[in-house]
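Here is the file data_26.pdb (PDB, C-alpha atoms).
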ATOM      1  CA  MET A   1      -6.795 -77.687 -64.228
ATOM      2  CA  ASN A   2      -8.084 -80.789 -62.524
ATOM      3  CA  GLN A   3      -8.231 -81.480 -58.855
ATOM      4  CA  ALA A   4      -5.119 -83.655 -58.890
ATOM      5  CA  ASP A   5      -3.041 -80.609 -59.924
ATOM      6  CA  THR A   6      -4.168 -78.465 -56.975
ATOM      7  CA  PHE A   7      -3.486 -78.769 -53.313
ATOM      8  CA  PRO A   8      -5.432 -77.232 -50.485
ATOM      9  CA  LEU A   9      -3.991 -74.167 -48.807
ATOM     10  CA  PRO A  10      -3.789 -74.268 -45.040
ATOM     11  CA  SER A  11      -6.191 -72.101 -43.141
ATOM     12  CA  THR A  12      -5.111 -68.571 -42.271
ATOM     13  CA  THR A  13      -5.275 -69.254 -38.522
ATOM     14  CA  TRP A  14      -1.793 -70.796 -38.533
ATOM     15  CA  LYS A  15      -0.438 -67.573 -40.022
ATOM     16  CA  ALA A  16      -2.052 -65.429 -37.320
ATOM     17  CA  ASP A  17      -0.789 -67.786 -34.597
ATOM     18  CA  TYR A  18       2.707 -67.767 -36.084
ATOM     19  CA  LEU A  19       2.824 -63.981 -36.382
ATOM     20  CA  GLU A  20       1.533 -63.530 -32.843
ATOM     21  CA  ASP A  21       4.077 -66.011 -31.512
ATOM     22  CA  THR A  22       6.823 -64.209 -33.444
ATOM     23  CA  SER A  23       5.856 -60.839 -31.981
ATOM     24  CA  VAL A  24       5.859 -62.367 -28.493
ATOM     25  CA  ARG A  25       9.327 -63.799 -29.111
ATOM     26  CA  ARG A  26      10.539 -60.443 -30.371
ATOM     27  CA  LEU A  27       9.129 -58.695 -27.307
ATOM     28  CA  VAL A  28      10.744 -61.202 -24.950
ATOM     29  CA  LEU A  29      14.089 -60.864 -26.753
ATOM     30  CA  GLU A  30      13.894 -57.066 -26.571
ATOM     31  CA  GLN A  31      13.173 -57.274 -22.849
ATOM     32  CA  TYR A  32      16.015 -59.769 -22.431
ATOM     33  CA  ASP A  33      18.493 -57.514 -24.211
ATOM     34  CA  ARG A  34      17.416 -54.555 -22.081
ATOM     35  CA  GLU A  35      16.903 -56.150 -18.662
ATOM     36  CA  SER A  36      18.916 -59.385 -18.311
ATOM     37  CA  VAL A  37      22.147 -57.801 -17.023
ATOM     38  CA  PRO A  38      20.494 -55.347 -14.579
ATOM     39  CA  LEU A  39      18.186 -58.129 -13.391
ATOM     40  CA  ARG A  40      21.125 -60.487 -12.782
ATOM     41  CA  ARG A  41      22.970 -57.692 -10.946
ATOM     42  CA  TYR A  42      19.900 -57.050  -8.789
ATOM     43  CA  LEU A  43      19.686 -60.737  -7.874
ATOM     44  CA  GLN A  44      23.366 -60.785  -6.982
ATOM     45  CA  PHE A  45      22.839 -57.797  -4.694
ATOM     46  CA  LEU A  46      20.151 -59.860  -2.980
ATOM     47  CA  GLY A  47      22.876 -62.371  -2.146
ATOM     48  CA  ILE A  48      22.387 -64.906  -4.909
ATOM     49  CA  ASP A  49      25.574 -66.268  -6.473
ATOM     50  CA  ALA A  50      26.280 -65.394 -10.125
ATOM     51  CA  GLU A  51      25.467 -68.819 -11.577
ATOM     52  CA  THR A  52      22.175 -69.151  -9.713
ATOM     53  CA  ALA A  53      21.264 -65.546 -10.567
ATOM     54  CA  GLN A  54      21.746 -66.319 -14.264
ATOM     55  CA  GLU A  55      19.499 -69.389 -13.938
ATOM     56  CA  VAL A  56      16.843 -67.313 -12.171
ATOM     57  CA  VAL A  57      17.025 -64.686 -14.930
ATOM     58  CA  HIS A  58      16.509 -67.361 -17.588
ATOM     59  CA  GLU A  59      13.598 -68.843 -15.669
ATOM     60  CA  ALA A  60      12.020 -65.390 -15.264
ATOM     61  CA  PHE A  61      12.202 -64.817 -19.028
ATOM     62  CA  LEU A  62      10.678 -68.237 -19.701
ATOM     63  CA  LYS A  63       7.829 -67.275 -17.387
ATOM     64  CA  LEU A  64       7.519 -63.961 -19.230
ATOM     65  CA  HIS A  65       7.196 -65.836 -22.528
ATOM     66  CA  GLN A  66       4.490 -68.082 -21.055
ATOM     67  CA  HIS A  67       2.737 -65.058 -19.553
ATOM     68  CA  LEU A  68       2.647 -63.266 -22.904
ATOM     69  CA  LEU A  69       1.510 -66.352 -24.828
ATOM     70  CA  ALA A  70      -1.383 -66.632 -22.371
ATOM     71  CA  ASP A  71      -2.335 -63.021 -23.230
ATOM     72  CA  GLY A  72      -1.117 -61.722 -19.875
ATOM     73  CA  ASP A  73      -0.989 -58.039 -18.984
ATOM     74  CA  ARG A  74       1.702 -56.119 -20.901
ATOM     75  CA  THR A  75       1.438 -52.758 -19.181
ATOM     76  CA  ASN A  76       4.641 -52.865 -17.098
ATOM     77  CA  LEU A  77       6.741 -55.829 -18.160
ATOM     78  CA  ARG A  78       9.851 -54.516 -16.444
ATOM     79  CA  ALA A  79       8.193 -54.481 -13.021
ATOM     80  CA  TRP A  80       6.566 -57.834 -13.776
ATOM     81  CA  LEU A  81       9.974 -59.333 -14.606
ATOM     82  CA  TYR A  82      11.611 -57.995 -11.472
ATOM     83  CA  ARG A  83       8.767 -59.261  -9.320
ATOM     84  CA  VAL A  84       8.967 -62.756 -10.806
ATOM     85  CA  ALA A  85      12.777 -62.803 -10.569
ATOM     86  CA  HIS A  86      12.641 -61.460  -7.018
ATOM     87  CA  ASN A  87      10.230 -64.199  -5.954
ATOM     88  CA  LEU A  88      12.195 -66.914  -7.763
ATOM     89  CA  GLY A  89      15.403 -65.637  -6.186
ATOM     90  CA  ARG A  90      13.934 -65.598  -2.691
ATOM     91  CA  ASN A  91      12.572 -69.112  -3.224
ATOM     92  CA  THR A  92      16.051 -70.223  -4.273
ATOM     93  CA  GLN A  93      17.596 -68.606  -1.206
ATOM     94  CA  THR A  94      15.099 -70.299   1.048
ATOM     95  CA  ALA A  95      15.667 -73.646  -0.609
ATOM     96  CA  PHE A  96      19.459 -73.463  -0.466
ATOM     97  CA  ARG A  97      19.817 -71.190   2.567
ATOM     98  CA  SER A  98      22.371 -69.097   0.745
ATOM     99  CA  SER A  99      21.605 -65.528   1.721
ATOM    100  CA  ARG A 100      25.220 -64.335   1.914
ATOM    101  CA  THR A 101      26.108 -61.125   0.099
ATOM    102  CA  ASP A 102      29.865 -61.240   0.585
ATOM    103  CA  SER A 103      30.269 -63.304  -2.596
ATOM    104  CA  LEU A 104      29.908 -60.346  -4.950
ATOM    105  CA  PRO A 105      33.420 -59.889  -6.285
ATOM    106  CA  ASP A 106      32.393 -58.193  -9.537
ATOM    107  CA  LEU A 107      30.086 -55.693  -7.832
ATOM    108  CA  THR A 108      32.527 -53.976  -5.476
ATOM    109  CA  LEU A 109      32.960 -50.247  -5.525
ATOM    110  CA  ALA A 110      36.670 -50.668  -6.317
ATOM    111  CA  ARG A 111      35.766 -52.108  -9.726
ATOM    112  CA  GLY A 112      33.855 -48.943 -10.562
ATOM    113  CA  LEU A 113      36.969 -46.802 -10.146
ATOM    114  CA  PRO A 114      39.093 -45.943 -13.166
ATOM    115  CA  ALA A 115      42.112 -48.166 -13.656
ATOM    116  CA  GLN A 116      44.500 -45.214 -13.843
ATOM    117  CA  ALA A 117      47.741 -45.865 -11.977
ATOM    118  CA  ALA A 118      46.087 -46.106  -8.573
ATOM    119  CA  SER A 119      48.490 -46.146  -5.705
ATOM    120  CA  VAL A 120      48.472 -48.916  -3.133
ATOM    121  CA  GLU A 121      47.014 -46.461  -0.659
ATOM    122  CA  GLN A 122      44.149 -45.570  -3.002
ATOM    123  CA  GLU A 123      43.429 -49.257  -3.611
ATOM    124  CA  LEU A 124      43.354 -49.958   0.133
ATOM    125  CA  LEU A 125      41.046 -47.008   0.724
ATOM    126  CA  ALA A 126      38.722 -48.189  -2.039
ATOM    127  CA  GLU A 127      38.671 -51.719  -0.599
ATOM    128  CA  GLU A 128      37.944 -50.354   2.872
ATOM    129  CA  ARG A 129      35.169 -48.131   1.525
ATOM    130  CA  SER A 130      33.690 -51.099  -0.352
ATOM    131  CA  ARG A 131      33.815 -53.284   2.768
ATOM    132  CA  LEU A 132      32.200 -50.525   4.838
ATOM    133  CA  VAL A 133      29.353 -50.039   2.335
ATOM    134  CA  ARG A 134      28.795 -53.798   2.000
ATOM    135  CA  THR A 135      28.687 -54.186   5.799
ATOM    136  CA  ALA A 136      26.273 -51.263   6.116
ATOM    137  CA  ILE A 137      23.977 -52.672   3.408
ATOM    138  CA  ASN A 138      23.981 -56.059   5.136
ATOM    139  CA  ARG A 139      22.750 -54.398   8.335
ATOM    140  CA  LEU A 140      19.606 -53.055   6.639
ATOM    141  CA  SER A 141      16.356 -54.938   6.932
ATOM    142  CA  ALA A 142      15.454 -57.126   3.951
ATOM    143  CA  ALA A 143      12.650 -54.735   2.963
ATOM    144  CA  GLN A 144      14.924 -51.686   3.144
ATOM    145  CA  LYS A 145      17.644 -53.423   1.144
ATOM    146  CA  ASP A 146      15.177 -54.607  -1.521
ATOM    147  CA  CYS A 147      13.629 -51.151  -1.893
ATOM    148  CA  LEU A 148      17.001 -49.382  -2.077
ATOM    149  CA  LEU A 149      18.410 -51.853  -4.586
ATOM    150  CA  LEU A 150      15.404 -51.474  -6.885
ATOM    151  CA  ARG A 151      15.583 -47.692  -6.531
ATOM    152  CA  ALA A 152      19.268 -47.852  -7.486
ATOM    153  CA  GLN A 153      18.192 -49.800 -10.597
ATOM    154  CA  GLY A 154      16.081 -46.789 -11.592
ATOM    155  CA  PHE A 155      12.651 -47.999 -10.519
ATOM    156  CA  LYS A 156      10.036 -45.482  -9.406
ATOM    157  CA  TYR A 157       8.330 -45.956  -6.044
ATOM    158  CA  ARG A 158       5.161 -47.182  -7.760
ATOM    159  CA  GLU A 159       7.127 -49.802  -9.687
ATOM    160  CA  ILE A 160       8.997 -50.925  -6.574
ATOM    161  CA  ALA A 161       5.660 -51.310  -4.806
ATOM    162  CA  GLU A 162       4.419 -53.465  -7.670
ATOM    163  CA  VAL A 163       7.553 -55.636  -7.706
ATOM    164  CA  LEU A 164       7.642 -56.199  -3.944
ATOM    165  CA  ASN A 165       3.876 -56.270  -3.463
ATOM    166  CA  LEU A 166       3.955 -53.346  -1.019
ATOM    167  CA  SER A 167       2.116 -50.042  -0.812
ATOM    168  CA  VAL A 168       3.824 -46.974  -2.273
ATOM    169  CA  SER A 169       3.952 -45.355   1.170
ATOM    170  CA  THR A 170       5.684 -48.428   2.634
ATOM    171  CA  VAL A 171       8.253 -48.275  -0.168
ATOM    172  CA  GLY A 172       8.912 -44.602   0.588
ATOM    173  CA  GLU A 173       9.243 -45.345   4.281
ATOM    174  CA  ASN A 174      11.650 -48.248   3.658
ATOM    175  CA  ILE A 175      13.806 -46.112   1.368
ATOM    176  CA  GLN A 176      13.884 -43.188   3.788
ATOM    177  CA  ARG A 177      14.712 -45.358   6.815
ATOM    178  CA  GLY A 178      17.259 -47.350   4.830
ATOM    179  CA  LEU A 179      19.061 -44.202   3.688
ATOM    180  CA  GLU A 180      19.041 -42.796   7.227
ATOM    181  CA  LYS A 181      20.508 -46.029   8.582
ATOM    182  CA  LEU A 182      23.175 -46.075   5.853
ATOM    183  CA  LYS A 183      24.146 -42.483   6.730
ATOM    184  CA  GLU A 184      24.521 -43.505  10.387
ATOM    185  CA  LEU A 185      26.595 -46.580   9.542
ATOM    186  CA  ILE A 186      28.829 -44.965   6.959
TER     187      ILE A 186
END
The structure in this file should be written as C-alpha coordinates.
Amino acid sequence: MNQADTFPLPSTTWKADYLEDTSVRRLVLEQYDRESVPLRRYLQFLGIDAETAQEVVHEAFLKLHQHLLADGDRTNLRAWLYRVAHNLGRNTQTAFRSSRTDSLPDLTLARGLPAQAASVEQELLAEERSRLVRTAINRLSAAQKDCLLLRAQGFKYREIAEVLNLSVSTVGENIQRGLEKLKELI
(Lines of atoms letter the chains of each structure in order from A and count residues from 1; the text may use other names and numbers.)
(Lines give C-alpha, C1' and ligand atoms only; values in the text may rest on other atoms or scores of the structure.)
Protein backbone atom coordinates (compact mmCIF):
# COMPACT_ATOMS: atom_id res chain seq x y z
CA MET A 1 0.00 0.00 0.00
CA ASN A 2 1.57 3.26 -1.06
CA GLN A 3 0.85 6.67 0.28
CA ALA A 4 -1.38 7.62 -2.64
CA ASP A 5 -3.84 4.88 -1.61
CA THR A 6 -4.26 6.18 1.95
CA PHE A 7 -5.85 9.30 3.26
CA PRO A 8 -5.31 10.91 6.61
CA LEU A 9 -7.97 10.44 9.25
CA PRO A 10 -9.20 13.57 10.96
CA SER A 11 -8.16 14.10 14.52
CA THR A 12 -10.39 12.73 17.26
CA THR A 13 -11.12 16.21 18.65
CA TRP A 14 -13.87 16.78 16.08
CA LYS A 15 -15.60 13.63 17.31
CA ALA A 16 -15.49 14.77 20.95
CA ASP A 17 -16.77 18.23 19.97
CA TYR A 18 -19.55 16.71 17.87
CA LEU A 19 -20.64 14.32 20.61
CA GLU A 20 -20.59 17.07 23.22
CA ASP A 21 -22.60 19.36 20.96
CA THR A 22 -25.07 16.53 20.32
CA SER A 23 -25.56 15.90 24.03
CA VAL A 24 -26.13 19.63 24.57
CA ARG A 25 -28.72 19.65 21.79
CA ARG A 26 -30.42 16.62 23.30
CA LEU A 27 -30.50 18.26 26.72
CA VAL A 28 -31.94 21.48 25.31
CA LEU A 29 -34.59 19.53 23.36
CA GLU A 30 -35.53 17.55 26.47
CA GLN A 31 -35.88 20.78 28.44
CA TYR A 32 -37.89 22.30 25.59
CA ASP A 33 -40.29 19.36 25.49
CA ARG A 34 -40.75 19.53 29.26
CA GLU A 35 -40.81 23.28 29.91
CA SER A 36 -41.84 25.23 26.79
CA VAL A 37 -45.61 25.12 27.38
CA PRO A 38 -45.49 25.88 31.14
CA LEU A 39 -42.93 28.62 30.48
CA ARG A 40 -45.13 30.21 27.80
CA ARG A 41 -48.13 29.98 30.15
CA TYR A 42 -46.12 31.64 32.92
CA LEU A 43 -45.15 34.50 30.60
CA GLN A 44 -48.76 34.95 29.56
CA PHE A 45 -49.77 35.18 33.21
CA LEU A 46 -47.22 37.98 33.52
CA GLY A 47 -49.24 39.86 30.91
CA ILE A 48 -47.29 39.06 27.77
CA ASP A 49 -49.38 38.29 24.69
CA ALA A 50 -49.23 34.74 23.28
CA GLU A 51 -47.10 35.55 20.23
CA THR A 52 -44.53 37.54 22.19
CA ALA A 53 -44.46 34.87 24.92
CA GLN A 54 -43.63 32.24 22.30
CA GLU A 55 -40.80 34.42 20.97
CA VAL A 56 -39.46 34.92 24.49
CA VAL A 57 -39.58 31.16 25.09
CA HIS A 58 -37.59 30.53 21.91
CA GLU A 59 -35.05 33.18 22.85
CA ALA A 60 -34.70 31.69 26.35
CA PHE A 61 -33.95 28.26 24.86
CA LEU A 62 -31.40 29.77 22.48
CA LYS A 63 -29.72 31.36 25.49
CA LEU A 64 -29.85 28.00 27.27
CA HIS A 65 -28.08 26.38 24.31
CA GLN A 66 -25.39 29.08 24.36
CA HIS A 67 -25.06 28.74 28.14
CA LEU A 68 -24.53 24.99 27.90
CA LEU A 69 -22.07 25.25 25.01
CA ALA A 70 -20.04 27.66 27.14
CA ASP A 71 -19.94 24.99 29.89
CA GLY A 72 -22.38 26.91 32.08
CA ASP A 73 -23.80 25.55 35.32
CA ARG A 74 -26.25 22.67 34.81
CA THR A 75 -27.45 22.20 38.37
CA ASN A 76 -30.95 23.71 38.05
CA LEU A 77 -31.73 24.34 34.41
CA ARG A 78 -35.44 24.75 35.05
CA ALA A 79 -34.91 27.68 37.42
CA TRP A 80 -32.26 29.09 35.09
CA LEU A 81 -34.72 28.97 32.18
CA TYR A 82 -37.49 30.66 34.12
CA ARG A 83 -35.15 33.37 35.32
CA VAL A 84 -33.92 34.11 31.80
CA ALA A 85 -37.46 34.02 30.38
CA HIS A 86 -38.73 36.19 33.23
CA ASN A 87 -36.06 38.80 32.58
CA LEU A 88 -36.57 38.69 28.81
CA GLY A 89 -40.32 39.00 29.32
CA ARG A 90 -39.99 41.97 31.66
CA ASN A 91 -37.60 43.63 29.21
CA THR A 92 -40.17 43.11 26.46
CA GLN A 93 -42.92 44.59 28.62
CA THR A 94 -40.80 47.60 29.40
CA ALA A 95 -39.90 48.09 25.77
CA PHE A 96 -43.47 47.79 24.49
CA ARG A 97 -45.30 48.96 27.61
CA SER A 98 -47.71 46.08 27.33
CA SER A 99 -48.29 44.92 30.88
CA ARG A 100 -52.00 44.11 30.48
CA THR A 101 -53.20 40.73 31.72
CA ASP A 102 -56.74 40.89 30.39
CA SER A 103 -55.62 39.41 27.06
CA LEU A 104 -55.45 35.83 28.33
CA PRO A 105 -58.42 34.19 26.64
CA ASP A 106 -57.02 30.65 26.75
CA LEU A 107 -56.10 30.82 30.44
CA THR A 108 -59.50 31.59 31.98
CA LEU A 109 -60.93 29.40 34.67
CA ALA A 110 -63.98 28.69 32.50
CA ARG A 111 -61.78 26.78 30.05
CA GLY A 112 -60.68 24.46 32.84
CA LEU A 113 -64.25 23.33 33.48
CA PRO A 114 -65.58 20.19 31.82
CA ALA A 115 -67.58 20.80 28.67
CA GLN A 116 -70.54 18.78 29.92
CA ALA A 117 -73.86 20.42 29.07
CA ALA A 118 -73.25 23.48 31.22
CA SER A 119 -76.26 25.66 31.66
CA VAL A 120 -76.20 29.34 30.79
CA GLU A 121 -76.26 30.10 34.49
CA GLN A 122 -73.22 27.91 35.15
CA GLU A 123 -71.35 29.55 32.27
CA LEU A 124 -72.15 33.03 33.61
CA LEU A 125 -71.04 32.04 37.10
CA ALA A 126 -67.79 30.63 35.73
CA GLU A 127 -67.16 33.81 33.72
CA GLU A 128 -67.87 35.95 36.78
CA ARG A 129 -65.57 33.81 38.93
CA SER A 130 -62.84 34.07 36.29
CA ARG A 131 -63.23 37.86 36.08
CA LEU A 132 -63.12 38.13 39.88
CA VAL A 133 -59.93 36.03 40.14
CA ARG A 134 -58.27 37.93 37.28
CA THR A 135 -59.15 41.27 38.90
CA ALA A 136 -57.85 40.08 42.27
CA ILE A 137 -54.58 38.84 40.74
CA ASN A 138 -54.12 42.18 38.97
CA ARG A 139 -54.37 43.96 42.33
CA LEU A 140 -51.39 42.07 43.76
CA SER A 141 -47.96 43.64 43.73
CA ALA A 142 -45.67 42.51 40.91
CA ALA A 143 -43.49 40.57 43.38
CA GLN A 144 -46.49 38.81 44.94
CA LYS A 145 -47.92 37.93 41.53
CA ASP A 146 -44.56 36.61 40.27
CA CYS A 147 -44.01 34.48 43.37
CA LEU A 148 -47.55 33.05 43.32
CA LEU A 149 -47.42 32.28 39.61
CA LEU A 150 -44.12 30.42 39.95
CA ARG A 151 -45.45 28.56 42.99
CA ALA A 152 -48.51 27.56 40.94
CA GLN A 153 -46.08 26.20 38.32
CA GLY A 154 -44.72 23.85 40.99
CA PHE A 155 -41.54 25.70 41.93
CA LYS A 156 -40.17 25.41 45.46
CA TYR A 157 -39.44 28.57 47.43
CA ARG A 158 -35.70 28.12 46.87
CA GLU A 159 -36.21 27.86 43.12
CA ILE A 160 -38.50 30.89 43.05
CA ALA A 161 -35.84 32.83 44.94
CA GLU A 162 -33.27 31.80 42.34
CA VAL A 163 -35.52 32.75 39.41
CA LEU A 164 -36.52 36.14 40.80
CA ASN A 165 -33.19 36.89 42.46
CA LEU A 166 -34.78 37.23 45.90
CA SER A 167 -34.09 35.69 49.29
CA VAL A 168 -36.10 32.61 50.27
CA SER A 169 -37.66 34.51 53.18
CA THR A 170 -38.80 37.31 50.84
CA VAL A 171 -40.39 34.71 48.57
CA GLY A 172 -42.25 33.20 51.53
CA GLU A 173 -43.40 36.63 52.65
CA ASN A 174 -44.61 37.56 49.14
CA ILE A 175 -46.53 34.29 48.82
CA GLN A 176 -48.12 34.62 52.25
CA ARG A 177 -49.13 38.27 51.74
CA GLY A 178 -50.33 37.55 48.21
CA LEU A 179 -52.54 34.69 49.38
CA GLU A 180 -53.93 36.80 52.23
CA LYS A 181 -54.75 39.62 49.82
CA LEU A 182 -56.40 37.19 47.38
CA LYS A 183 -58.55 35.80 50.22
CA GLU A 184 -59.66 39.34 51.09
CA LEU A 185 -60.44 40.22 47.47
CA ILE A 186 -62.21 37.00 46.57
Between atom CA of Leu150 of chain A and atom CA of Arg26 of chain A, what is the distance in Å, rounded to a tenth? 25.6 Å
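Note that the spacing between atom CA of Arg177 of chain A and atom CA of Gln144 of chain A amounts to 7.3 Å.
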Would you kindly identify which residues have an atom no farther than 12 Å from (1.3, -59.8, -23.3), using only C-alpha atoms and the file's own coordinates, and write them out as number ranges by chain? A: 20-21, 23-28, 63-77, 80
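Relative to atom CA of Gly172 of chain A, atom CA of Glu35 of chain A is found at 23.8 Å.
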Would you pick out the contacts of Asp146 of chain A at 10 Å or less, using only C-alpha atoms, so that residues sharing its chain but fewer than 4 positions from it are not included, and give the list as a ChimeraX atom specification? /A:42-43,45-46,86,140-142,150-152,160,163-164,171,174-175,178
Residues within 10 Å of Glu59 of chain A, please, as a list of chain:residue names. Count only C-alpha atoms; anything in the same chain fewer than 6 positions from it doesn't count. A:Ala53, A:His65, A:Val84, A:Ala85, A:Leu88
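Proximity ranking of A:Arg158, A:Arg34, A:Lys181, A:Arg40 relative to Asn138 of chain A places A:Lys181 first, based on all atoms listed in the file.
Near Ile186 of chain A, within a cut-off of 8 Å and counting only C-alpha atoms, sit the residues Leu132, Val133, Ala136, Leu182, Lys183 and Glu184 of chain A, with same-chain residues fewer than 2 positions away left out.
Between Tyr32 of chain A and the residues A:Thr92, A:Ala60, A:Ala79, A:Thr52, the shortest atom-to-atom distance, using all atoms listed in the file, involves A:Ala60.
Closest to Arg131 of chain A among A:Thr94, A:Val168, A:Leu185, A:Ala143 is A:Leu185, based on all atoms listed in the file.
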